[in-house]
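**Q** Encoded as structure tokens, here's the structure I'll be asking about.
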Number of protein chains: 4
Amino acid sequence: MKLKIGIIGFGRIGKIHYNNIAQQIEDAQVLLLADVNQDGLPQEVTLTDVDSLIDSPDIDAVVICSPTDTHADYVERCARAGKHVFCEKPLDLSLDRIEKTLAVLEETDIKLMLGFNRRFDPNFLKLRSLVQDGKVGDLQIVKITSRDPGPPPLTYLQSSGGMFLDMSIHDFDMARYMMGKRVVQVYAEASTLTGGDVEVAGDIDTAVITLRFEDGALAVIDNSRKAIYGYDQRMEVFGSKGMAKVENNAPDTHLYYGKNMVEASLPLNFFMDRYTDSYLAEMRAFVRACIDDTPVPVGAVDGKEAAKIAVAAIRSVRERKPVQID
Amino acid sequence: MKLKIGIIGFGRIGKIHYNNIAQQIEDAQVLLLADVNQDGLPQEVTLTDVDSLIDSPDIDAVVICSPTDTHADYVERCARAGKHVFCEKPLDLSLDRIEKTLAVLEETDIKLMLGFNRRFDPNFLKLRSLVQDGKVGDLQIVKITSRDPGPPPLTYLQSSGGMFLDMSIHDFDMARYMMGKRVVQVYAEASTLTGGDVEVAGDIDTAVITLRFEDGALAVIDNSRKAIYGYDQRMEVFGSKGMAKVENNAPDTHLYYGKNMVEASLPLNFFMDRYTDSYLAEMRAFVRACIDDTPVPVGAVDGKEAAKIAVAAIRSVRERKPVQID
Amino acid sequence: MKLKIGIIGFGRIGKIHYNNIAQQIEDAQVLLLADVNQDGLPQEVTLTDVDSLIDSPDIDAVVICSPTDTHADYVERCARAGKHVFCEKPLDLSLDRIEKTLAVLEETDIKLMLGFNRRFDPNFLKLRSLVQDGKVGDLQIVKITSRDPGPPPLTYLQSSGGMFLDMSIHDFDMARYMMGKRVVQVYAEASTLTGGDVEVAGDIDTAVITLRFEDGALAVIDNSRKAIYGYDQRMEVFGSKGMAKVENNAPDTHLYYGKNMVEASLPLNFFMDRYTDSYLAEMRAFVRACIDDTPVPVGAVDGKEAAKIAVAAIRSVRERKPVQID
Amino acid sequence: MKLKIGIIGFGRIGKIHYNNIAQQIEDAQVLLLADVNQDGLPQEVTLTDVDSLIDSPDIDAVVICSPTDTHADYVERCARAGKHVFCEKPLDLSLDRIEKTLAVLEETDIKLMLGFNRRFDPNFLKLRSLVQDGKVGDLQIVKITSRDPGPPPLTYLQSSGGMFLDMSIHDFDMARYMMGKRVVQVYAEASTLTGGDVEVAGDIDTAVITLRFEDGALAVIDNSRKAIYGYDQRMEVFGSKGMAKVENNAPDTHLYYGKNMVEASLPLNFFMDRYTDSYLAEMRAFVRACIDDTPVPVGAVDGKEAAKIAVAAIRSVRERKPVQID
């Protein structure tokens, strides 16, 4: 059996999912595509509008890659139409809206998987497996460094919900994923230090966020919108039996020894190069769960919990105090 | 325009080339396949016999992935049929036979590219570009470590022409490629230390080979058929202005700090994982050269020169002395 | 001229300073020693009591390595006796007491240098010089990981003033040193997760502390009293022009590739091995400043500022909120 | 008991040994010094001439740091005077002369230890211990990279016996030490590529030497007199159960991530910085062997064997063929 898929939104991330399914996932195929912009769409696929796509009896599942403010609506419509959904993060910028969508989902049997692709990155998977194998012991500190090479365009910034909901939300999900425990408190310290569009948008670009878990374990995330040396994605887990960390990936392993210094290559700079494997692996996992009727590895609740942390972080910065969760 | 390709031989390496062309090279497509074993062949492609494939007017180029002893014959037949050829290394185990094939090729306009895929590996490409950018200065020493995780099966060993023609030939090509100079002398020291099939086959499994270049620069290659920790592929270039080296690639970057030691992942163990990028890049380069009618980056002469070094190394071990080239 | 020195306290750290001066600092010599325990004292030196040592006309400077609760008193007595002082950190556990000592010092010309030895570590010095050379640009985030291999004995814990004043104070000084800016706010999240003596002492063993600087730059420190893999001392500085980080030091550089994994040596485990160079360098700096009558590189104000951060961190944990400085 | 030592020759290496004994080896002391140049000698020690030093009843052992052409003579005189000897390498440039000295030594009970200090380097010791613990299994390949930052002065070059006897001899000793087997054949390929004084002296500056051991195991050494990036000292051992390697040591562990590349510190550039620990450790080992009357860890036979390899390497280059040992 092949899973028949429709994709809504054929921008940067939509193309990644399309190519992965078309070229490398044998038990799935893309039949329908909906996008306002009709240029450069693949000829093998039928173009249609969102309504027709969601309601089409030809497809089993929908991959939602449209702008964030459409996510919740489309998910609900897919759910009502009996289509499984893979939706890019975040589900919505409002916790209330997310709750409403979850309520809709609960009345159906469809699967919703969220695009927290980093859970499928080989580096982070390795850390996770070390934790699960008990090699780290009881987790005490998780450290995440997550820095972008540069801020997104102003228009994107203005509708992004701010750095915590747009960018740090990946890290909040990661911290939860690694710890496997409940977050009870969030404290966020943030600044706007790089100027430019971020300042114009009234957003922050630099932050340190401390998460406290139910058993007293701590996670700390440091974020920047602008790392001049590229995309910086590292993690460390520390516990009673050891510590494990992963570094960035580079395009090659060279070391050059010159007259004055040793040189090496910068990390892979573009999120699509850095996380190539993870995008393929998450889509494979989604397809498999739909076909085998097993639970998806990243569900709607994960989206809600990450969003709760992001919202608490926003409040923490605004009120300059730690914020309790629940 | 799309380059129409036929593939002869659909074993391990034939499948790599097929998948790369079918999934990732947009300006080429595989139309015909020939293989004695008809199981597991892709349905999108027409199966045929070698003769029909080579003579088919539907294809522009042939990718030869059949056993070594068929290479020279198939290349010559392709040449006479006016088909461009991508042929796995080595062209043949006999220098005379290689010369004969080169003579046939010279009477035609077809392109022959040899599968020295390692030239297209990102690590080695980086070394090469550092050399070409002058950062290493005048090259004085090239060091290549090339060790397999384990020997091939006995039947393969017995028809392989021995370690130098089968395995080290990649390294001989690499040394030439990095140095960009003529090899004038070869000295090889070899042993059989790992026992098993290699010993049964009367082959060697451990060697250190020193190449002397026309200007006195030196290359040194160390080979083993059996590195218990996996596939070991490293290189270093040393010159008047600096040194550069590349390490193995690993599946992840993790470091685990336990009670007694720091642990990390072993190198990628399988040549197809280690050299994934290089197989795609070499085929892209072949397709591009055919379409644009530009020279192929690895030609028949490269195959002959590498084979000459291998044959000299065999003689050096047998006669226990350095052997001059030309 | 040789600087004549008396040492008060001949425990672990007193012995380090003694050996460094006696063996490796040519323009200084130790003439007097005072310690309650008279065993194992070097024969080349005259033993005396603290009062006589401080008042002795034979010495120019005093190195104070006695318990923390004697520091302020001895420093004041040395100041009144006209002796320069090198004092181990902290100056005192009470900010009021520190202020009082500073007032005494201000009435004299003597130099007081505090033993923040990590400022003299080659790794951290390199980070500092990269910052000062402008290679990091405007500093935005400083990250310090500082974990001990295990907690000190219970009696020590009980009189240590707690983890922030005893252990993290080094990191607070480092953050100030790297940033070169004023700390305006401290938020500390802490837990007791390792049990044992730390729990008995009512202390914490795990913490994440966020410092906010006057211009919005952030520093984050993570501490643990018990890292099973050893002494973990790393730092990272991130700014508008780049990032720089230093790793732990290991006793050797070996990598072992075995059948199942790559292994390396754990970091140097003992603070005296890890910081050997820094202890010598700080004492050289003190001796030089005394002889040349130049300012000491780490003064009383540095001790006060670090202590202020520690006290604020204690309050932050207790009151569960960020605490302003000044 | 303290071992009473006289030192002959107070140049660069003599000063290292003097300082190590005076400052850090508690069970030894230097009483006498002999050097033609009397400037800058330490005042704590009595200056004398070589004859008086060797014959002085006040000393138990002599450390010989004078020019190579005096070594054999002084060793013999010390032996006859009943003094233990620590002698810098090489014992002599002539195998015959070395044999003669060995014969003299055999008639006495004195200990002769040779200054192959690299055996005491923490990196190489770690490799050796991995080999001895069986983690590498049966050794099959040893690889040594040994490159100097620049050639010595012309006068030194002219009396050095050539690169193999002066510089590579350390590596020959190392290969023997790691392998723990007998060398049966040497093949050396060498060039003069860096010009300057080396060319004037008629010496070589670049070499690759292959050693064959009695069981077919191989060692390969690559040497250069001029590595522009500094002192390059690496080693690798490969066997049936694994591989281990050690890298260079650097003054710090920093990595700087800038706009265009990652930078790190060059290796420690000066042999005295690189091998500081090894000089102290070898002298401790000598003192201990003298006091405890146990065998020295590096004896006269080791000097002879390394010299035999060097002489064979010289012949191999001259005659362009492999040379058998014994």
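Just so we're on the same page: first chain in the structure tokens is A, next is B, and so on; residues restart at 1 for each chain, and ligands are numbered from 1 in the order they show up.
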Rotate and translate chain A onto chain D via least squares on all in-order Cα pairs, then write the result as a compact mmCIF listing (two decimals) with C-alpha atoms, in the first residue's frame.

**A**
# COMPACT_ATOMS: atom_id res chain seq x y z
CA MET A 1 70.10 8.98 49.82
CA LYS A 2 70.59 11.61 47.16
CA LEU A 3 72.27 10.82 43.87
CA LYS A 4 75.21 13.21 43.35
CA ILE A 5 75.46 14.29 39.75
CA GLY A 6 77.97 16.05 37.53
CA ILE A 7 76.87 17.54 34.22
CA ILE A 8 79.20 17.84 31.23
CA GLY A 9 77.99 20.47 28.76
CA PHE A 10 75.70 23.28 29.78
CA GLY A 11 74.04 24.21 26.50
CA ARG A 12 70.33 24.07 25.79
CA ILE A 13 69.82 20.47 26.79
CA GLY A 14 72.27 20.62 29.69
CA LYS A 15 70.26 23.45 31.21
CA ILE A 16 67.04 21.44 30.93
CA HIS A 17 68.53 18.54 32.84
CA TYR A 18 70.13 20.86 35.39
CA ASN A 19 66.87 22.66 36.13
CA ASN A 20 64.88 19.47 36.35
CA ILE A 21 67.29 17.94 38.82
CA ALA A 22 67.74 21.11 40.87
CA GLN A 23 64.06 22.02 41.10
CA GLN A 24 61.98 18.92 40.76
CA ILE A 25 63.92 15.75 41.51
CA GLU A 26 64.23 15.53 45.24
CA ASP A 27 66.51 12.54 45.46
CA ALA A 28 69.22 13.97 43.25
CA GLN A 29 71.41 17.05 43.22
CA VAL A 30 73.94 18.54 40.82
CA LEU A 31 77.32 19.13 42.44
CA LEU A 32 79.65 19.67 39.51
CA LEU A 33 79.42 21.24 36.08
CA ALA A 34 81.93 21.28 33.23
CA ASP A 35 81.58 23.48 30.18
CA VAL A 36 84.03 25.33 27.97
CA ASN A 37 81.83 28.37 28.16
CA GLN A 38 81.72 29.61 31.76
CA ASP A 39 79.05 32.30 31.29
CA GLY A 40 75.67 32.00 32.88
CA LEU A 41 76.48 28.96 34.97
CA PRO A 42 74.49 28.55 38.18
CA GLN A 43 76.28 29.70 41.30
CA GLU A 44 75.11 26.86 43.48
CA VAL A 45 77.31 24.41 41.60
CA THR A 46 81.08 23.96 41.43
CA LEU A 47 82.60 24.49 38.01
CA THR A 48 85.38 22.19 37.00
CA ASP A 49 86.94 20.57 33.94
CA VAL A 50 85.76 17.34 32.38
CA ASP A 51 88.65 15.26 33.70
CA SER A 52 88.20 16.37 37.27
CA LEU A 53 84.45 15.94 37.04
CA ILE A 54 84.62 12.38 35.79
CA ASP A 55 87.19 11.42 38.39
CA SER A 56 85.65 13.30 41.29
CA PRO A 57 84.85 11.01 44.24
CA ASP A 58 82.01 13.39 45.16
CA ILE A 59 79.67 12.30 42.41
CA ASP A 60 77.83 9.08 41.61
CA ALA A 61 76.67 9.80 38.11
CA VAL A 62 77.43 11.93 35.05
CA VAL A 63 74.98 13.52 32.65
CA ILE A 64 76.66 14.02 29.26
CA CYS A 65 75.28 16.92 27.20
CA SER A 66 78.42 17.81 25.26
CA PRO A 67 78.74 17.55 21.44
CA THR A 68 78.12 14.14 19.88
CA ASP A 69 81.76 13.49 18.99
CA THR A 70 82.70 13.47 22.68
CA HIS A 71 79.95 11.10 23.83
CA ALA A 72 81.65 7.74 23.36
CA ASP A 73 84.93 8.90 24.88
CA TYR A 74 83.27 10.41 27.94
CA VAL A 75 81.02 7.41 28.45
CA GLU A 76 84.03 5.11 28.44
CA ARG A 77 85.92 7.31 30.88
CA CYS A 78 82.92 7.49 33.18
CA ALA A 79 82.57 3.72 33.01
CA ARG A 80 86.18 3.23 33.96
CA ALA A 81 85.77 5.75 36.79
CA GLY A 82 82.76 3.79 38.06
CA LYS A 83 80.23 6.53 37.38
CA HIS A 84 76.74 5.85 36.08
CA VAL A 85 76.02 7.75 32.89
CA PHE A 86 73.07 9.48 31.33
CA CYS A 87 74.15 10.36 27.79
CA GLU A 88 72.30 12.35 25.17
CA LYS A 89 71.69 10.53 21.89
CA PRO A 90 73.42 9.45 19.73
CA LEU A 91 76.15 7.55 21.47
CA ASP A 92 78.28 8.05 18.36
CA LEU A 93 77.88 8.44 14.61
CA SER A 94 79.92 5.30 13.94
CA LEU A 95 78.61 1.82 14.64
CA ASP A 96 82.15 0.57 15.22
CA ARG A 97 82.75 3.20 17.85
CA ILE A 98 79.44 2.34 19.52
CA GLU A 99 80.42 -1.34 19.60
CA LYS A 100 83.73 -0.42 21.19
CA THR A 101 81.98 1.61 23.88
CA LEU A 102 79.58 -1.22 24.57
CA ALA A 103 82.51 -3.54 25.05
CA VAL A 104 83.99 -1.15 27.61
CA LEU A 105 80.67 -0.92 29.41
CA GLU A 106 80.35 -4.69 29.57
CA GLU A 107 83.45 -4.89 31.69
CA THR A 108 81.92 -2.63 34.33
CA ASP A 109 78.81 -2.53 36.48
CA ILE A 110 77.85 1.02 35.64
CA LYS A 111 74.53 1.93 34.12
CA LEU A 112 74.28 3.80 30.83
CA MET A 113 71.00 5.42 29.95
CA LEU A 114 70.47 7.14 26.60
CA GLY A 115 68.40 10.29 26.19
CA PHE A 116 65.61 8.96 24.03
CA ASN A 117 63.31 11.28 25.90
CA ARG A 118 60.30 10.74 23.66
CA ARG A 119 59.76 7.34 25.23
CA PHE A 120 58.67 9.32 28.31
CA ASP A 121 56.22 11.62 26.56
CA PRO A 122 52.67 11.19 27.96
CA ASN A 123 51.19 10.75 24.47
CA PHE A 124 53.59 8.05 23.39
CA LEU A 125 53.48 6.39 26.80
CA LYS A 126 49.72 6.15 26.40
CA LEU A 127 50.09 4.46 23.00
CA ARG A 128 52.65 2.11 24.48
CA SER A 129 50.39 1.19 27.38
CA LEU A 130 47.48 0.54 25.02
CA VAL A 131 49.74 -1.80 23.06
CA GLN A 132 50.96 -3.54 26.19
CA ASP A 133 47.44 -3.89 27.53
CA GLY A 134 46.59 -5.79 24.37
CA LYS A 135 44.03 -3.27 23.14
CA VAL A 136 45.73 -2.97 19.75
CA GLY A 137 46.26 -6.71 19.37
CA ASP A 138 49.11 -7.92 17.18
CA LEU A 139 50.82 -4.84 15.83
CA GLN A 140 50.80 -4.64 12.03
CA ILE A 141 51.62 -1.02 11.17
CA VAL A 142 53.28 1.75 13.17
CA LYS A 143 53.20 5.22 11.64
CA ILE A 144 55.37 8.06 12.86
CA THR A 145 55.27 11.63 11.61
CA SER A 146 58.20 13.64 12.85
CA ARG A 147 58.87 17.05 11.40
CA ASP A 148 60.99 19.88 12.73
CA PRO A 149 59.93 23.52 12.49
CA GLY A 150 63.20 24.35 10.73
CA PRO A 151 66.68 22.99 10.14
CA PRO A 152 69.47 23.52 12.68
CA PRO A 153 72.35 25.91 11.87
CA LEU A 154 74.78 24.98 9.10
CA THR A 155 77.65 24.18 11.47
CA TYR A 156 75.42 21.81 13.39
CA LEU A 157 74.17 20.21 10.17
CA GLN A 158 77.72 19.63 9.00
CA SER A 159 78.69 17.65 12.08
CA SER A 160 75.34 16.00 12.72
CA GLY A 161 75.92 12.81 10.77
CA GLY A 162 72.95 13.65 8.56
CA MET A 163 69.20 13.71 9.17
CA PHE A 164 68.86 9.98 9.82
CA LEU A 165 71.48 9.85 12.59
CA ASP A 166 70.56 13.22 14.03
CA MET A 167 66.80 13.46 13.83
CA SER A 168 65.21 10.24 12.55
CA ILE A 169 67.12 8.22 15.14
CA HIS A 170 64.46 9.25 17.69
CA ASP A 171 61.82 7.77 15.38
CA PHE A 172 63.79 4.58 14.81
CA ASP A 173 63.96 4.13 18.56
CA MET A 174 60.24 4.84 18.85
CA ALA A 175 59.33 2.32 16.15
CA ARG A 176 61.37 -0.35 17.96
CA TYR A 177 59.90 0.66 21.30
CA MET A 178 56.30 0.47 20.09
CA MET A 179 56.73 -2.73 18.11
CA GLY A 180 58.84 -4.60 20.64
CA LYS A 181 60.17 -6.68 17.74
CA ARG A 182 63.37 -6.88 15.73
CA VAL A 183 63.83 -4.77 12.59
CA VAL A 184 65.08 -6.91 9.71
CA GLN A 185 65.04 -4.49 6.78
CA VAL A 186 65.13 -0.76 6.07
CA TYR A 187 64.13 1.11 2.95
CA ALA A 188 64.52 4.87 2.83
CA GLU A 189 63.47 7.31 0.18
CA ALA A 190 64.82 10.83 0.63
CA SER A 191 65.01 14.21 -1.06
CA THR A 192 66.38 17.67 -0.54
CA LEU A 193 63.44 19.96 -1.17
CA THR A 194 63.74 22.94 1.15
CA GLY A 195 67.05 24.33 -0.08
CA GLY A 196 69.08 26.62 2.19
CA ASP A 197 71.60 25.30 4.68
CA VAL A 198 70.49 21.71 4.27
CA GLU A 199 71.41 21.85 0.61
CA VAL A 200 74.69 23.55 1.40
CA ALA A 201 75.48 20.82 3.93
CA GLY A 202 74.73 18.15 1.33
CA ASP A 203 72.08 16.67 3.60
CA ILE A 204 68.53 15.56 2.95
CA ASP A 205 65.45 17.25 4.47
CA THR A 206 62.52 15.06 3.43
CA ALA A 207 62.25 11.31 3.86
CA VAL A 208 59.93 8.34 4.05
CA ILE A 209 61.45 5.29 5.72
CA THR A 210 59.86 1.85 5.79
CA LEU A 211 60.98 -0.64 8.42
CA ARG A 212 60.18 -4.30 8.15
CA PHE A 213 60.05 -6.31 11.37
CA GLU A 214 60.86 -9.95 11.87
CA ASP A 215 57.20 -11.06 11.69
CA GLY A 216 56.31 -8.98 8.63
CA ALA A 217 54.89 -6.01 10.57
CA LEU A 218 55.75 -2.65 9.03
CA ALA A 219 56.64 0.77 10.37
CA VAL A 220 56.66 3.89 8.27
CA ILE A 221 58.25 7.18 9.26
CA ASP A 222 57.93 10.46 7.43
CA ASN A 223 60.37 13.24 8.24
CA SER A 224 60.86 16.82 7.24
CA ARG A 225 63.41 19.31 8.47
CA LYS A 226 61.04 22.21 7.82
CA ALA A 227 57.35 22.25 8.73
CA ILE A 228 56.27 25.85 8.45
CA TYR A 229 53.47 25.33 10.98
CA GLY A 230 55.80 24.07 13.68
CA TYR A 231 56.97 20.98 15.42
CA ASP A 232 54.94 18.00 14.25
CA GLN A 233 55.12 14.87 16.36
CA ARG A 234 52.42 12.28 15.84
CA MET A 235 52.17 8.53 16.01
CA GLU A 236 49.75 5.75 15.20
CA VAL A 237 49.71 2.07 16.01
CA PHE A 238 47.51 -0.33 14.07
CA GLY A 239 46.90 -3.94 14.91
CA SER A 240 44.52 -6.86 14.87
CA LYS A 241 42.32 -5.47 17.66
CA GLY A 242 42.30 -1.75 17.00
CA MET A 243 44.16 1.40 16.18
CA ALA A 244 45.38 4.19 18.40
CA LYS A 245 46.93 7.50 17.53
CA VAL A 246 48.15 10.63 19.24
CA GLU A 247 48.04 14.15 17.89
CA ASN A 248 50.24 17.14 18.58
CA ASN A 249 49.87 19.17 21.76
CA ALA A 250 48.73 22.77 21.52
CA PRO A 251 49.17 25.63 23.99
CA ASP A 252 45.39 25.90 24.41
CA THR A 253 42.20 24.20 23.26
CA HIS A 254 40.48 27.20 21.73
CA LEU A 255 38.35 27.14 18.61
CA TYR A 256 37.45 30.47 17.06
CA TYR A 257 34.49 30.59 14.69
CA GLY A 258 34.79 33.65 12.48
CA LYS A 259 32.98 34.80 9.38
CA ASN A 260 35.05 32.63 7.05
CA MET A 261 36.56 29.77 8.97
CA VAL A 262 37.21 28.03 12.25
CA GLU A 263 40.63 28.69 13.73
CA ALA A 264 42.67 26.89 16.38
CA SER A 265 46.14 27.19 17.86
CA LEU A 266 49.15 25.66 16.16
CA PRO A 267 50.99 22.83 17.92
CA LEU A 268 53.59 23.66 20.55
CA ASN A 269 56.46 24.73 18.37
CA PHE A 270 59.60 24.23 20.39
CA PHE A 271 60.90 20.81 21.36
CA MET A 272 61.49 21.95 24.92
CA ASP A 273 57.85 22.99 25.31
CA ARG A 274 56.57 19.93 23.49
CA TYR A 275 58.65 17.47 25.46
CA THR A 276 58.90 19.24 28.84
CA ASP A 277 57.33 16.36 30.70
CA SER A 278 59.45 13.76 28.98
CA TYR A 279 62.76 15.39 29.97
CA LEU A 280 61.74 15.41 33.60
CA ALA A 281 60.40 11.87 33.48
CA GLU A 282 63.48 10.37 31.84
CA MET A 283 65.80 11.98 34.40
CA ARG A 284 63.60 10.77 37.24
CA ALA A 285 63.81 7.27 35.73
CA PHE A 286 67.60 7.48 35.53
CA VAL A 287 67.96 8.69 39.11
CA ARG A 288 65.61 5.98 40.34
CA ALA A 289 67.48 3.22 38.50
CA CYS A 290 70.81 4.41 39.95
CA ILE A 291 69.50 4.63 43.50
CA ASP A 292 67.54 1.38 43.40
CA ASP A 293 70.16 -0.42 41.33
CA THR A 294 67.58 -1.51 38.77
CA PRO A 295 68.01 -1.61 34.99
CA VAL A 296 67.72 1.69 33.11
CA PRO A 297 64.72 1.84 30.76
CA VAL A 298 66.79 2.88 27.71
CA GLY A 299 70.18 1.25 27.51
CA ALA A 300 73.26 1.17 25.33
CA VAL A 301 71.81 -1.58 23.16
CA ASP A 302 68.87 0.63 22.31
CA GLY A 303 71.33 3.23 21.11
CA LYS A 304 73.16 0.70 19.00
CA GLU A 305 70.00 -0.68 17.43
CA ALA A 306 68.66 2.75 16.53
CA ALA A 307 72.02 3.69 15.05
CA LYS A 308 72.05 0.50 12.99
CA ILE A 309 68.73 1.47 11.46
CA ALA A 310 69.99 4.97 10.74
CA VAL A 311 73.12 3.64 9.06
CA ALA A 312 71.04 1.20 7.03
CA ALA A 313 68.74 4.06 5.97
CA ILE A 314 71.73 6.07 4.80
CA ARG A 315 72.92 3.11 2.76
CA SER A 316 69.42 2.50 1.40
CA VAL A 317 69.24 6.03 0.02
CA ARG A 318 72.76 5.81 -1.39
CA GLU A 319 72.28 2.41 -3.04
CA ARG A 320 68.59 2.87 -3.83
CA LYS A 321 67.55 -0.47 -2.43
CA PRO A 322 66.26 -2.02 0.79
CA VAL A 323 69.01 -2.91 3.26
CA GLN A 324 68.93 -5.94 5.54
CA ILE A 325 69.77 -5.58 9.23
CA ASP A 326 72.16 -8.28 10.57

**Q** Taking the backbone alone, and naming residues the way the document does, which bits of region 30-62 of chain B are helix (DSSP H, G or I) by DSSP, as a list in words?

**A**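 In region 30-62 of chain B, DSSP puts these residues in helix (DSSP H, G or I): Val50, Asp51, Ser52, Leu53, Ile54 and Asp55 of chain B.
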
**Q** Next, the residues of the selection above should be written as a PDB file, in the first residue's frame with N, CA, C and O atoms.

**A**
ATOM      1  N   VAL B  50      23.327  -7.480 -23.020  1.00  0.00           N
ATOM      2  CA  VAL B  50      24.426  -6.536 -23.194  1.00  0.00           C
ATOM      3  C   VAL B  50      24.549  -6.083 -24.653  1.00  0.00           C
ATOM      4  O   VAL B  50      24.693  -4.884 -24.936  1.00  0.00           O
ATOM      5  N   ASP B  51      24.474  -7.022 -25.580  1.00  0.00           N
ATOM      6  CA  ASP B  51      24.636  -6.668 -26.994  1.00  0.00           C
ATOM      7  C   ASP B  51      23.589  -5.647 -27.431  1.00  0.00           C
ATOM      8  O   ASP B  51      23.913  -4.617 -28.030  1.00  0.00           O
ATOM      9  N   SER B  52      22.323  -5.945 -27.114  1.00  0.00           N
ATOM     10  CA  SER B  52      21.249  -5.042 -27.520  1.00  0.00           C
ATOM     11  C   SER B  52      21.400  -3.683 -26.858  1.00  0.00           C
ATOM     12  O   SER B  52      21.138  -2.647 -27.464  1.00  0.00           O
ATOM     13  N   LEU B  53      21.824  -3.717 -25.602  1.00  0.00           N
ATOM     14  CA  LEU B  53      21.969  -2.449 -24.879  1.00  0.00           C
ATOM     15  C   LEU B  53      23.018  -1.566 -25.555  1.00  0.00           C
ATOM     16  O   LEU B  53      22.775  -0.393 -25.841  1.00  0.00           O
ATOM     17  N   ILE B  54      24.193  -2.153 -25.792  1.00  0.00           N
ATOM     18  CA  ILE B  54      25.274  -1.360 -26.382  1.00  0.00           C
ATOM     19  C   ILE B  54      24.880  -0.821 -27.757  1.00  0.00           C
ATOM     20  O   ILE B  54      25.207   0.319 -28.098  1.00  0.00           O
ATOM     21  N   ASP B  55      24.135  -1.616 -28.502  1.00  0.00           N
ATOM     22  CA  ASP B  55      23.797  -1.189 -29.867  1.00  0.00           C
ATOM     23  C   ASP B  55      22.500  -0.383 -29.950  1.00  0.00           C
ATOM     24  O   ASP B  55      22.150   0.103 -31.029  1.00  0.00           O
TER      25      ASP B  55
END
